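The data block below is target-v2.txt; it holds compact mmCIF, C-alpha atoms.
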```txt
# COMPACT_ATOMS: atom_id res chain seq x y z
CA MET A 44 70.22 59.65 69.30
CA GLU A 45 69.69 62.38 71.89
CA ALA A 46 66.20 63.52 72.74
CA ALA A 47 65.17 66.81 71.26
CA ALA A 48 65.45 69.80 73.56
CA GLY A 49 62.29 70.37 75.57
CA SER A 50 60.90 66.86 75.02
CA ARG A 51 59.61 64.96 78.01
CA ARG A 52 61.86 62.43 79.71
CA ARG A 53 60.48 58.88 79.42
CA LEU A 54 60.11 57.00 82.70
CA THR A 55 59.15 53.35 83.14
CA LEU A 56 56.07 52.40 85.13
CA ARG A 57 55.92 48.74 86.22
CA LEU A 58 52.47 47.24 86.69
CA LEU A 59 52.16 44.05 88.74
CA CYS A 60 48.37 44.05 88.98
CA PRO A 61 46.20 42.41 86.29
CA LYS A 62 45.07 44.75 83.52
CA LYS A 63 41.42 43.95 84.19
CA SER A 64 41.75 45.42 87.70
CA LEU A 65 42.47 48.79 86.08
CA VAL A 66 40.02 48.85 83.18
CA ALA A 67 37.08 46.92 84.67
CA ARG A 68 33.76 48.69 84.70
CA PRO A 69 31.85 50.60 86.01
CA SER A 70 32.76 53.78 84.19
CA PRO A 71 33.39 56.46 85.26
CA SER A 72 35.18 55.32 88.42
CA LEU A 73 38.41 55.84 90.33
CA ARG A 74 41.18 53.41 91.26
CA TRP A 75 43.77 54.03 93.97
CA LEU A 76 47.18 52.65 92.91
CA VAL A 77 49.18 50.83 95.59
CA GLY A 78 52.95 50.30 95.62
CA SER A 79 55.88 50.09 98.01
CA PRO A 80 58.33 52.90 97.15
CA ARG A 81 60.53 51.91 100.08
CA PHE A 82 61.02 48.26 99.15
CA LEU A 83 60.08 47.89 95.46
CA PRO A 84 61.66 49.56 92.41
CA PRO A 85 60.51 53.16 91.82
CA LEU A 86 57.19 53.62 90.01
CA THR A 87 55.92 50.09 90.66
CA VAL A 88 52.18 49.51 91.07
CA ALA A 89 51.42 46.31 92.97
CA ALA A 90 47.62 46.58 93.26
CA ALA A 91 44.61 48.76 92.48
CA LEU A 92 41.82 49.49 94.96
CA ARG A 93 38.44 50.76 93.85
CA SER A 94 37.21 54.03 95.31
CA LEU A 95 33.71 53.81 96.79
CA PRO A 96 31.11 54.82 95.85
CA ASP A 97 31.59 54.65 92.09
CA GLY A 98 31.23 57.69 89.90
CA ALA A 99 32.07 60.20 92.64
CA SER A 100 34.05 63.07 91.12
CA SER A 101 34.98 64.21 94.64
CA PRO A 102 35.45 61.10 96.81
CA ASP A 103 35.14 61.31 100.59
CA LEU A 104 38.87 61.19 101.31
CA GLN A 105 38.43 60.95 105.08
CA ARG A 106 36.23 57.86 104.72
CA GLU A 107 38.53 56.39 102.08
CA ALA A 108 41.58 56.90 104.32
CA GLU A 109 39.90 55.24 107.32
CA GLU A 110 38.90 52.15 105.32
CA ILE A 111 42.17 51.81 103.40
CA ARG A 112 44.27 52.29 106.55
CA GLY A 113 42.81 49.10 108.01
CA LEU A 114 42.99 47.21 104.72
CA LEU A 115 46.55 47.93 103.55
CA VAL A 116 49.49 46.08 105.03
CA ARG A 117 52.20 48.37 106.45
CA GLY A 118 55.03 48.69 103.94
CA PHE A 119 52.60 49.37 101.10
CA ASP A 120 51.54 52.90 100.20
CA ILE A 121 49.30 54.89 97.88
CA VAL A 122 51.41 55.81 94.83
CA GLY A 123 48.78 57.25 92.53
CA ALA A 124 45.28 57.09 91.08
CA LEU A 125 43.60 56.11 87.82
CA HIS A 126 40.45 57.60 86.30
CA VAL A 127 38.40 55.04 84.36
CA GLY A 128 36.25 56.55 81.62
CA SER A 129 38.20 59.71 80.85
CA ALA A 130 37.45 62.09 78.01
CA ASP A 131 40.25 64.58 78.73
CA PHE A 132 43.58 62.98 79.63
CA ASP A 133 45.51 66.08 80.70
CA ALA A 134 42.73 67.43 82.92
CA ASP A 135 41.73 64.10 84.47
CA ALA A 136 45.28 62.85 85.05
CA GLY A 137 46.17 66.05 86.89
CA ARG A 138 42.98 65.88 88.97
CA VAL A 139 43.46 62.27 90.13
CA LEU A 140 47.11 63.02 90.90
CA GLY A 141 45.91 65.69 93.31
CA LEU A 142 43.41 63.28 94.87
CA ALA A 143 46.10 60.61 95.32
CA ARG A 144 48.43 63.12 97.01
CA ALA A 145 45.63 64.24 99.34
CA LEU A 146 44.66 60.66 100.25
CA ARG A 147 48.25 59.68 100.86
CA GLU A 148 48.73 62.71 103.12
CA ARG A 149 45.68 61.71 105.17
CA LEU A 150 47.01 58.18 105.52
CA CYS A 151 50.59 59.06 106.43
CA GLY A 152 50.30 62.57 107.84
CA GLU A 153 52.87 63.98 105.43
CA ARG A 154 53.39 64.72 101.76
CA ALA A 155 54.81 61.97 99.59
CA SER A 156 58.55 62.12 98.99
CA HIS A 157 58.31 59.62 96.13
CA GLY A 158 56.97 59.98 92.60
CA MET A 159 53.18 59.83 92.24
CA VAL A 160 51.30 58.41 89.26
CA GLY A 161 48.19 59.79 87.57
CA GLY A 162 46.49 57.81 84.83
CA CYS A 163 43.38 57.62 82.70
CA VAL A 164 41.49 54.93 80.82
CA ASP A 165 40.02 56.50 77.68
CA ALA A 166 36.23 56.22 77.63
CA ALA A 167 36.10 55.54 73.88
CA SER A 168 39.18 53.45 73.07
CA GLY A 169 40.03 51.88 76.45
CA GLU A 170 43.66 53.06 76.08
CA ILE A 171 45.56 53.50 79.36
CA ARG A 172 47.93 56.46 79.69
CA PHE A 173 49.95 57.68 82.67
CA LEU A 174 51.84 60.73 83.87
CA VAL A 175 54.34 60.74 86.73
CA SER A 176 54.78 63.64 89.11
CA GLU A 177 58.36 63.99 90.27
CA GLY A 178 59.15 67.19 92.11
CA ASP A 179 57.30 70.02 90.42
CA GLY A 180 57.09 68.56 86.93
CA LEU A 181 55.00 66.01 85.07
CA GLU A 182 56.79 63.37 83.04
CA ALA A 183 55.46 61.03 80.38
CA THR A 184 55.89 57.30 81.04
CA GLU A 185 56.04 54.03 79.22
CA VAL A 186 54.22 51.09 80.78
CA VAL A 187 55.66 47.62 81.41
CA TRP A 188 53.32 44.81 82.47
CA GLU A 189 55.40 42.37 84.53
CA ASP A 190 55.15 38.70 83.49
CA GLU A 191 56.05 37.41 86.98
CA PRO A 192 54.67 39.87 89.52
CA GLY A 193 54.98 37.37 92.37
CA ARG A 194 58.72 37.04 91.80
CA LEU A 195 59.30 40.80 91.97
CA LEU A 196 57.25 41.05 95.16
CA TRP A 197 58.50 38.04 97.11
CA GLU A 198 61.95 37.05 95.85
CA LYS A 199 63.47 39.80 97.98
CA GLY A 200 60.39 40.70 100.02
CA CYS A 201 58.98 39.18 103.18
CA LEU A 202 56.18 39.51 105.71
CA LEU A 203 56.42 40.29 109.40
CA ARG A 204 53.51 39.35 111.64
CA CYS A 205 52.75 40.56 115.16
CA GLU A 206 49.94 39.41 117.43
CA LEU A 207 49.30 41.44 120.57
CA PRO A 208 46.50 40.52 123.01
CA LEU A 209 45.42 43.46 125.17
CA LYS A 210 43.19 43.76 128.21
CA LEU A 211 42.26 47.39 128.71
CA PRO A 212 42.79 49.60 130.69
CA LEU A 213 46.42 49.49 129.74
CA TYR A 214 49.14 51.05 131.91
CA VAL A 215 52.11 52.35 129.95
CA PRO A 216 55.59 52.30 131.64
CA SER A 217 57.77 55.41 131.80
CA ASP A 218 59.94 56.26 128.81
CA ASP A 219 62.82 57.19 131.15
CA MET A 220 65.13 54.19 130.98
CA SER A 221 68.38 54.28 132.98
CA GLU A 222 70.12 51.54 131.01
CA GLU A 223 71.29 51.68 127.43
CA TYR A 224 72.27 48.81 125.20
CA ASN A 225 73.65 48.24 121.74
CA ALA A 226 71.88 45.70 119.54
CA ASN A 227 73.48 43.90 116.64
CA ILE A 228 71.88 44.79 113.32
CA VAL A 229 70.08 41.72 112.00
CA SER A 230 68.31 41.81 108.62
CA CYS A 231 65.05 40.03 107.85
CA SER A 232 66.89 37.58 105.58
CA LYS A 233 68.41 35.99 108.72
CA PHE A 234 65.05 34.29 109.34
CA PHE A 235 64.64 32.81 105.85
CA PRO A 236 66.54 30.09 103.97
CA ALA A 237 69.30 31.22 101.63
CA LYS A 238 67.20 30.29 98.58
CA ARG A 239 63.45 30.80 98.63
CA TYR A 240 61.58 28.61 96.19
CA ASN A 241 58.01 29.63 97.01
CA LEU A 242 57.90 33.24 95.86
CA SER A 243 54.18 33.75 96.21
CA LEU A 244 51.68 33.58 99.03
CA THR A 245 49.22 30.73 99.33
CA ARG A 246 46.42 30.54 101.86
CA GLU A 247 47.65 27.26 103.37
CA SER A 248 51.34 28.15 103.70
CA ALA A 249 51.86 31.85 104.31
CA ASP A 250 55.41 32.67 105.36
CA ALA A 251 56.08 35.46 107.86
CA ILE A 252 58.55 36.50 110.56
CA GLN A 253 56.73 36.29 113.89
CA ILE A 254 57.19 39.42 116.05
CA THR A 255 56.37 39.26 119.79
CA ILE A 256 55.87 42.42 121.84
CA LEU A 257 57.24 42.08 125.39
CA SER A 258 56.19 44.23 128.34
CA ASN A 259 58.98 45.69 130.46
CA GLN A 260 57.68 44.92 133.96
CA SER A 261 60.75 46.02 135.94
CA PHE A 262 64.35 47.08 135.51
CA ASN A 263 67.38 47.67 137.69
CA SER A 264 67.70 51.14 139.12
CA SER A 265 70.49 52.65 141.16
CA LYS A 266 68.00 54.85 143.03
CA ALA A 267 65.56 53.72 145.67
CA ASN A 268 61.99 54.62 144.79
CA THR A 269 58.85 54.80 146.91
CA PRO A 270 55.62 53.60 145.29
CA VAL A 271 53.15 56.44 144.70
CA VAL A 272 49.42 56.08 144.14
CA GLU A 273 47.37 58.89 142.62
CA TYR A 274 43.59 59.00 142.84
CA PHE A 275 41.50 60.62 140.10
CA PRO A 276 37.81 60.52 141.09
CA ALA A 277 35.28 60.17 138.28
CA PRO A 278 32.94 63.17 137.92
CA ALA A 279 29.96 60.76 138.05
CA LEU A 280 29.16 57.13 138.74
CA ALA A 281 31.08 54.87 136.38
CA ASN A 282 31.27 51.19 135.52
CA LEU A 283 34.57 49.46 134.93
CA ARG A 284 34.69 47.32 131.79
CA LEU A 285 37.63 45.22 130.81
CA ILE A 286 37.94 45.18 127.03
CA ASN A 287 39.76 42.24 125.51
CA LEU A 288 41.44 42.95 122.20
CA LYS A 289 43.68 40.88 119.98
CA LEU A 290 45.73 42.91 117.55
CA ASP A 291 47.12 41.01 114.56
CA ILE A 292 49.03 42.87 111.86
CA LEU A 293 51.16 42.09 108.82
CA CYS A 294 53.97 44.24 107.45
CA TYR A 295 55.78 44.03 104.11
CA SER A 296 59.54 44.54 104.04
CA SER A 297 62.66 43.77 102.06
CA VAL A 298 64.65 40.80 103.35
CA ASP A 299 67.66 43.13 103.57
CA PHE A 300 65.86 45.56 105.90
CA PRO A 301 67.08 45.44 109.55
CA VAL A 302 64.58 43.73 111.84
CA ALA A 303 64.94 46.42 114.53
CA ALA A 304 64.06 49.12 111.99
CA ALA A 305 61.14 47.05 110.68
CA VAL A 306 59.75 46.73 114.21
CA SER A 307 60.05 50.44 115.04
CA GLU A 308 59.04 51.82 111.63
CA LEU A 309 56.47 49.25 110.46
CA VAL A 310 55.22 46.99 113.26
CA ILE A 311 54.69 49.55 116.04
CA PRO A 312 52.90 52.10 113.78
CA GLY A 313 50.83 49.24 112.35
CA LEU A 314 49.73 48.17 115.84
CA ALA A 315 48.83 51.77 116.69
CA ASP A 316 46.73 52.07 113.51
CA GLN A 317 44.84 48.85 114.22
CA LEU A 318 44.24 49.83 117.85
CA ASN A 319 42.73 53.14 116.73
CA ILE A 320 40.48 51.35 114.23
CA MET A 321 39.23 48.96 116.91
CA LYS A 322 38.75 51.80 119.38
CA LYS A 323 36.33 53.55 117.02
CA ALA A 324 34.33 50.34 116.58
CA ILE A 325 34.16 49.70 120.33
CA VAL A 326 33.30 53.25 121.45
CA SER A 327 30.16 53.27 119.32
CA GLU A 328 28.85 50.18 121.18
CA LEU A 329 30.04 50.69 124.76
CA THR A 330 26.47 50.59 126.11
CA THR A 331 25.66 47.31 124.38
CA GLN A 332 27.39 43.98 124.05
CA GLN A 333 31.13 44.34 123.54
CA PRO A 334 32.23 43.64 119.95
CA GLN A 335 34.50 40.65 119.44
CA LEU A 336 36.87 42.09 116.87
CA CYS A 337 39.31 39.79 115.13
CA PRO A 338 41.67 40.68 112.23
CA TYR A 339 42.16 38.24 109.35
CA HIS A 340 44.62 38.39 106.45
CA PHE A 341 43.80 37.42 102.86
CA VAL A 342 45.38 37.16 99.42
CA PRO A 343 42.29 36.70 97.21
CA PRO A 344 42.58 35.63 93.55
CA GLY A 345 43.91 38.35 91.27
CA LEU A 346 45.70 40.14 94.11
CA PHE A 347 49.41 39.64 94.75
CA ILE A 348 49.64 41.50 98.06
CA PRO A 349 47.98 40.60 101.37
CA VAL A 350 45.13 42.67 102.82
CA THR A 351 43.61 42.75 106.30
CA ALA A 352 39.93 42.72 107.30
CA ILE A 353 38.63 43.16 110.85
CA TYR A 354 35.48 41.14 111.54
CA ASP A 355 33.13 41.25 114.51
CA THR A 356 32.66 37.57 115.32
CA ARG A 357 29.86 37.94 117.90
CA TYR A 358 27.14 36.57 115.66
CA GLY A 359 29.11 34.60 113.08
CA GLU A 360 29.85 35.28 109.44
CA ILE A 361 26.25 35.11 108.25
CA GLU A 362 25.18 38.13 110.31
CA GLU A 363 23.88 40.98 108.11
CA LYS A 364 26.55 43.54 109.04
CA GLN A 365 29.35 41.08 108.34
CA SER A 366 27.83 40.15 104.99
CA GLU A 367 27.61 43.83 104.03
CA LEU A 368 31.20 44.42 105.14
CA ARG A 369 32.45 41.54 102.98
CA ARG A 370 30.41 42.80 100.04
CA ASN A 371 32.06 46.25 100.30
CA LEU A 372 35.47 44.59 100.51
CA HIS A 373 34.68 42.58 97.36
CA LEU A 374 33.79 45.82 95.57
CA ARG A 375 36.91 47.66 96.74
CA LEU A 376 39.20 44.75 95.82
CA GLN A 377 37.26 44.18 92.57
CA LEU A 378 36.37 40.60 93.42
CA PRO A 379 33.33 38.76 92.00
CA LEU A 380 30.21 38.92 94.16
CA ASP A 381 29.04 35.39 93.36
CA ARG A 382 31.62 33.45 95.40
CA PRO A 383 32.94 33.61 99.00
CA LEU A 384 36.57 34.75 98.86
CA LEU A 385 36.89 36.65 102.15
CA ARG A 386 35.39 34.18 104.59
CA ILE A 387 37.38 33.28 107.70
CA SER A 388 38.16 29.90 106.12
CA ASN A 389 39.88 31.79 103.25
CA ALA A 390 42.29 33.60 105.60
CA LEU A 391 46.02 33.01 105.47
CA ASN A 392 47.32 30.20 107.67
CA PHE A 393 50.61 30.93 109.46
CA SER A 394 50.79 27.79 111.62
CA MET A 395 52.04 25.15 109.22
CA GLU A 396 54.06 23.25 111.84
CA GLY A 397 50.96 22.65 113.93
CA THR A 398 48.99 21.81 110.79
CA VAL A 399 51.38 19.01 109.81
CA LYS A 400 51.21 17.41 113.26
CA LYS A 401 47.44 17.64 113.42
CA ALA A 402 46.99 16.30 109.90
CA SER A 403 48.83 13.09 110.73
CA LYS A 404 46.31 12.35 113.50
CA ASN A 405 42.96 13.56 112.24
CA GLY A 406 43.51 13.87 108.50
CA SER A 407 44.21 17.05 106.58
CA SER A 408 43.29 20.18 108.58
CA LEU A 409 43.14 22.07 105.29
CA LEU A 410 39.78 20.46 104.56
CA ARG A 411 36.93 22.77 105.60
CA ASP A 412 33.48 21.86 106.91
CA VAL A 413 31.24 23.66 104.46
CA HIS A 414 28.21 23.13 106.74
CA LYS A 415 29.78 24.72 109.84
CA GLU A 416 28.34 28.21 109.35
CA ILE A 417 24.91 27.14 108.07
CA PRO A 418 22.30 28.13 110.71
CA SER A 419 20.07 25.51 112.26
CA SER A 420 16.74 24.94 110.60
CA GLY A 421 15.09 24.77 114.03
CA GLY A 422 13.94 21.21 113.54
```
Could I get this structure in the form of structure tokens?
Amino acid sequence: MEAAAGSRRRLTLRLLCPKKSLVARPSPSLRWLVGSPRFLPPLTVAAALRSLPDGASSPDLQREAEEIRGLLVRGFDIVGALHVGSADFDADAGRVLGLARALRERLCGERASHGMVGGCVDAASGEIRFLVSEGDGLEATEVVWEDEPGRLLWEKGCLLRCELPLKLPLYVPSDDMSEEYNANIVSCSKFFPAKRYNLSLTRESADAIQITILSNQSFNSSKANTPVVEYFPAPALANLRLINLKLDILCYSSVDFPVAAAVSELVIPGLADQLNIMKKAIVSELTTQQPQLCPYHFVPPGLFIPVTAIYDTRYGEIEEKQSELRRNLHLRLQLPLDRPLLRISNALNFSMEGTVKKASKNGSSLLRDVHKEIPSSGG
């Protein structure tokens, strides 16, 4: 039977995140919906992040963008928002759609070309309803809760990881290259077995393509060049400080995506984002002891996608600032506050080959010393 003229077209919204991550109190509150329009089916929500602080009708989008930029793995994107505790579906769904568009534009620097989702959880009944914005119109949707979210994410998805140690100041080579080359197109699936049995991430056996950034120190040139030194005097006395950084990023991609494209479109922008985040943390403490910033990747319970946290390891995990940072991450990821889920020992382990060799000599390296971070009693 054909739909009546003028009726709304029904679209399907796939939800991979647990229902409790959308409807959990407090109320009213706002959830940012995360998906991967480039690599997952259209209108798929893989996770929900809580907007902080709760109850803000006008969230600080600049602050939200800065925190979420460091947290989200490249390849995932903001695809919508959900208002928990709504009394007016049409008004609230339209409002959070606008907020999601604005946040996404701050994160990516451009308007979304994919459909965006606006939803509400009714304050009285707890019913969840969604609208989808495609082009200039709003369309009604039906909701499908996926039974196997891990399979949809990882059967044809993969992770790319890049570690890049830096010692600043950094000298960047010229972009003018005299040689050109043609590279064969290799997809990410080349680096994985034909059949992947483990479709989900576990802390002890995370699976990722390792990307190494190489520095072009020299290249052949048909022209003879004379070295040139330029001197730029400082306007006042200055101290030289070498800043050691270790960038470590994850990216999410389809196994069919070309590796070269993944590097240029995911890895390099991801490194630039993380460098900017670290720069802001370092600049604020240039006159004091240099922060020892280290990124860690986690897949905490109830979340099916990895997230990244950057910790300052100068004073250990029990330092007050680090404890407050982890508490805020627990709130944003809607994790319980009564158990440690984002400690360094909970981070993903990407070195399984070394783990197997070490385990045969000294026992299982997956066992953790629970007393390691307990401070001395002074006795």
### Query
Just how far from CA of Arg93 (chain A) is CA of Leu56 (chain A), in Å to one decimal?
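Straight-line distance from CA of Leu56 (chain A) to CA of Arg93 (chain A) works out to 19.7 Å.
Between Ser394 (chain A) and the residues A:Ser129, A:Gln253, A:Ser156, A:Ser327, the shortest atom-to-atom distance, using only C-alpha atoms, involves A:Gln253.
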Can you pull out every residue within 9 Å of Pro343 (chain A), counting only C-alpha atoms, but drop anything in the same chain fewer than 4 positions away, and send it as a PDB file with C-alpha atoms, keeping the file's coordinate frame?
```
ATOM      1  CA  ARG A 246      46.420  30.540 101.860  1.00  0.00           C
ATOM      2  CA  PHE A 347      49.410  39.640  94.750  1.00  0.00           C
ATOM      3  CA  ILE A 348      49.640  41.500  98.060  1.00  0.00           C
ATOM      4  CA  PRO A 349      47.980  40.600 101.370  1.00  0.00           C
ATOM      5  CA  VAL A 350      45.130  42.670 102.820  1.00  0.00           C
ATOM      6  CA  LEU A 376      39.200  44.750  95.820  1.00  0.00           C
ATOM      7  CA  LEU A 378      36.370  40.600  93.420  1.00  0.00           C
ATOM      8  CA  LEU A 384      36.570  34.750  98.860  1.00  0.00           C
ATOM      9  CA  LEU A 385      36.890  36.650 102.150  1.00  0.00           C
ATOM     10  CA  ASN A 389      39.880  31.790 103.250  1.00  0.00           C
ATOM     11  CA  ALA A 390      42.290  33.600 105.600  1.00  0.00           C
TER      12      ALA A 390
END
```
### Task
For Trp188 (chain A), work out the shell of residues within 8 Å, counting all atoms listed in the file and skipping chain neighbours fewer than 3 positions away, then give it as a list in words.
Arg57, Leu58 and Leu59 of chain A
### Task
Measure the distance from CA of Val175 (chain A) to CA of Arg147 (chain A) in Å and round it to one decimal.
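About the pair CA of Val175 (chain A) and CA of Arg147 (chain A): they are 15.4 Å apart.
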#### Entry: Long-range neighbours of Leu83 (chain A) as an MDAnalysis selection string, 12 Å cut-off, all atoms listed in the file, 4 positions minimum in chain
chainID A and resid 56:59 77:79 87:89 118:120 122 157 192 194:201 295:298
Residues from the last selection, C-alpha atoms, saved as a PDB file, keeping the file's coordinate frame:
```pdb
ATOM      1  CA  LEU A  56      56.070  52.400  85.130  1.00  0.00           C
ATOM      2  CA  ARG A  57      55.920  48.740  86.220  1.00  0.00           C
ATOM      3  CA  LEU A  58      52.470  47.240  86.690  1.00  0.00           C
ATOM      4  CA  LEU A  59      52.160  44.050  88.740  1.00  0.00           C
ATOM      5  CA  VAL A  77      49.180  50.830  95.590  1.00  0.00           C
ATOM      6  CA  GLY A  78      52.950  50.300  95.620  1.00  0.00           C
ATOM      7  CA  SER A  79      55.880  50.090  98.010  1.00  0.00           C
ATOM      8  CA  THR A  87      55.920  50.090  90.660  1.00  0.00           C
ATOM      9  CA  VAL A  88      52.180  49.510  91.070  1.00  0.00           C
ATOM     10  CA  ALA A  89      51.420  46.310  92.970  1.00  0.00           C
ATOM     11  CA  GLY A 118      55.030  48.690 103.940  1.00  0.00           C
ATOM     12  CA  PHE A 119      52.600  49.370 101.100  1.00  0.00           C
ATOM     13  CA  ASP A 120      51.540  52.900 100.200  1.00  0.00           C
ATOM     14  CA  VAL A 122      51.410  55.810  94.830  1.00  0.00           C
ATOM     15  CA  HIS A 157      58.310  59.620  96.130  1.00  0.00           C
ATOM     16  CA  PRO A 192      54.670  39.870  89.520  1.00  0.00           C
ATOM     17  CA  ARG A 194      58.720  37.040  91.800  1.00  0.00           C
ATOM     18  CA  LEU A 195      59.300  40.800  91.970  1.00  0.00           C
ATOM     19  CA  LEU A 196      57.250  41.050  95.160  1.00  0.00           C
ATOM     20  CA  TRP A 197      58.500  38.040  97.110  1.00  0.00           C
ATOM     21  CA  GLU A 198      61.950  37.050  95.850  1.00  0.00           C
ATOM     22  CA  LYS A 199      63.470  39.800  97.980  1.00  0.00           C
ATOM     23  CA  GLY A 200      60.390  40.700 100.020  1.00  0.00           C
ATOM     24  CA  CYS A 201      58.980  39.180 103.180  1.00  0.00           C
ATOM     25  CA  TYR A 295      55.780  44.030 104.110  1.00  0.00           C
ATOM     26  CA  SER A 296      59.540  44.540 104.040  1.00  0.00           C
ATOM     27  CA  SER A 297      62.660  43.770 102.060  1.00  0.00           C
ATOM     28  CA  VAL A 298      64.650  40.800 103.350  1.00  0.00           C
TER      29      VAL A 298
END
```
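Nearest residue to Leu174 (chain A) among A:Gly137, A:Pro96, A:Gly193, A:Pro208 is A:Gly137, counting all atoms listed in the file.
From CA of Lys233 (chain A) back to CA of Phe82 (chain A), the distance works out to 17.2 Å.
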### Message
Using all atoms listed in the file, which protein or nucleic acid residues come within 12 Å of Leu146 (chain A)? Drop anything in the same chain fewer than 2 positions from it, and give the result as a PyMOL selection string.
### Response
chain A and resi 75-77+94+101-112+120-124+139-144+148-155+159
### Query
Any idea what's packed within 8 Å of region 168-172 of chain A, counting only C-alpha atoms, ignoring anything in its chain fewer than 6 positions away? Could you give it as a ChimeraX atom specification?
/A:66,128,132,162
### Task
Point out the residue among A:Phe173, A:Tyr358, A:Phe300, A:Phe275 with the least atom-to-atom distance to Ile228 (chain A), counting only C-alpha atoms.
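Closest to Ile228 (chain A) of all the choices is A:Phe300.
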### Message
Taking all atoms listed in the file into account, name the residue in A:Cys231, A:Ile325, A:Val302, A:Ala130 that is nearest to Pro71 (chain A).
### Response
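The closest residue to Pro71 (chain A) is A:Ala130.
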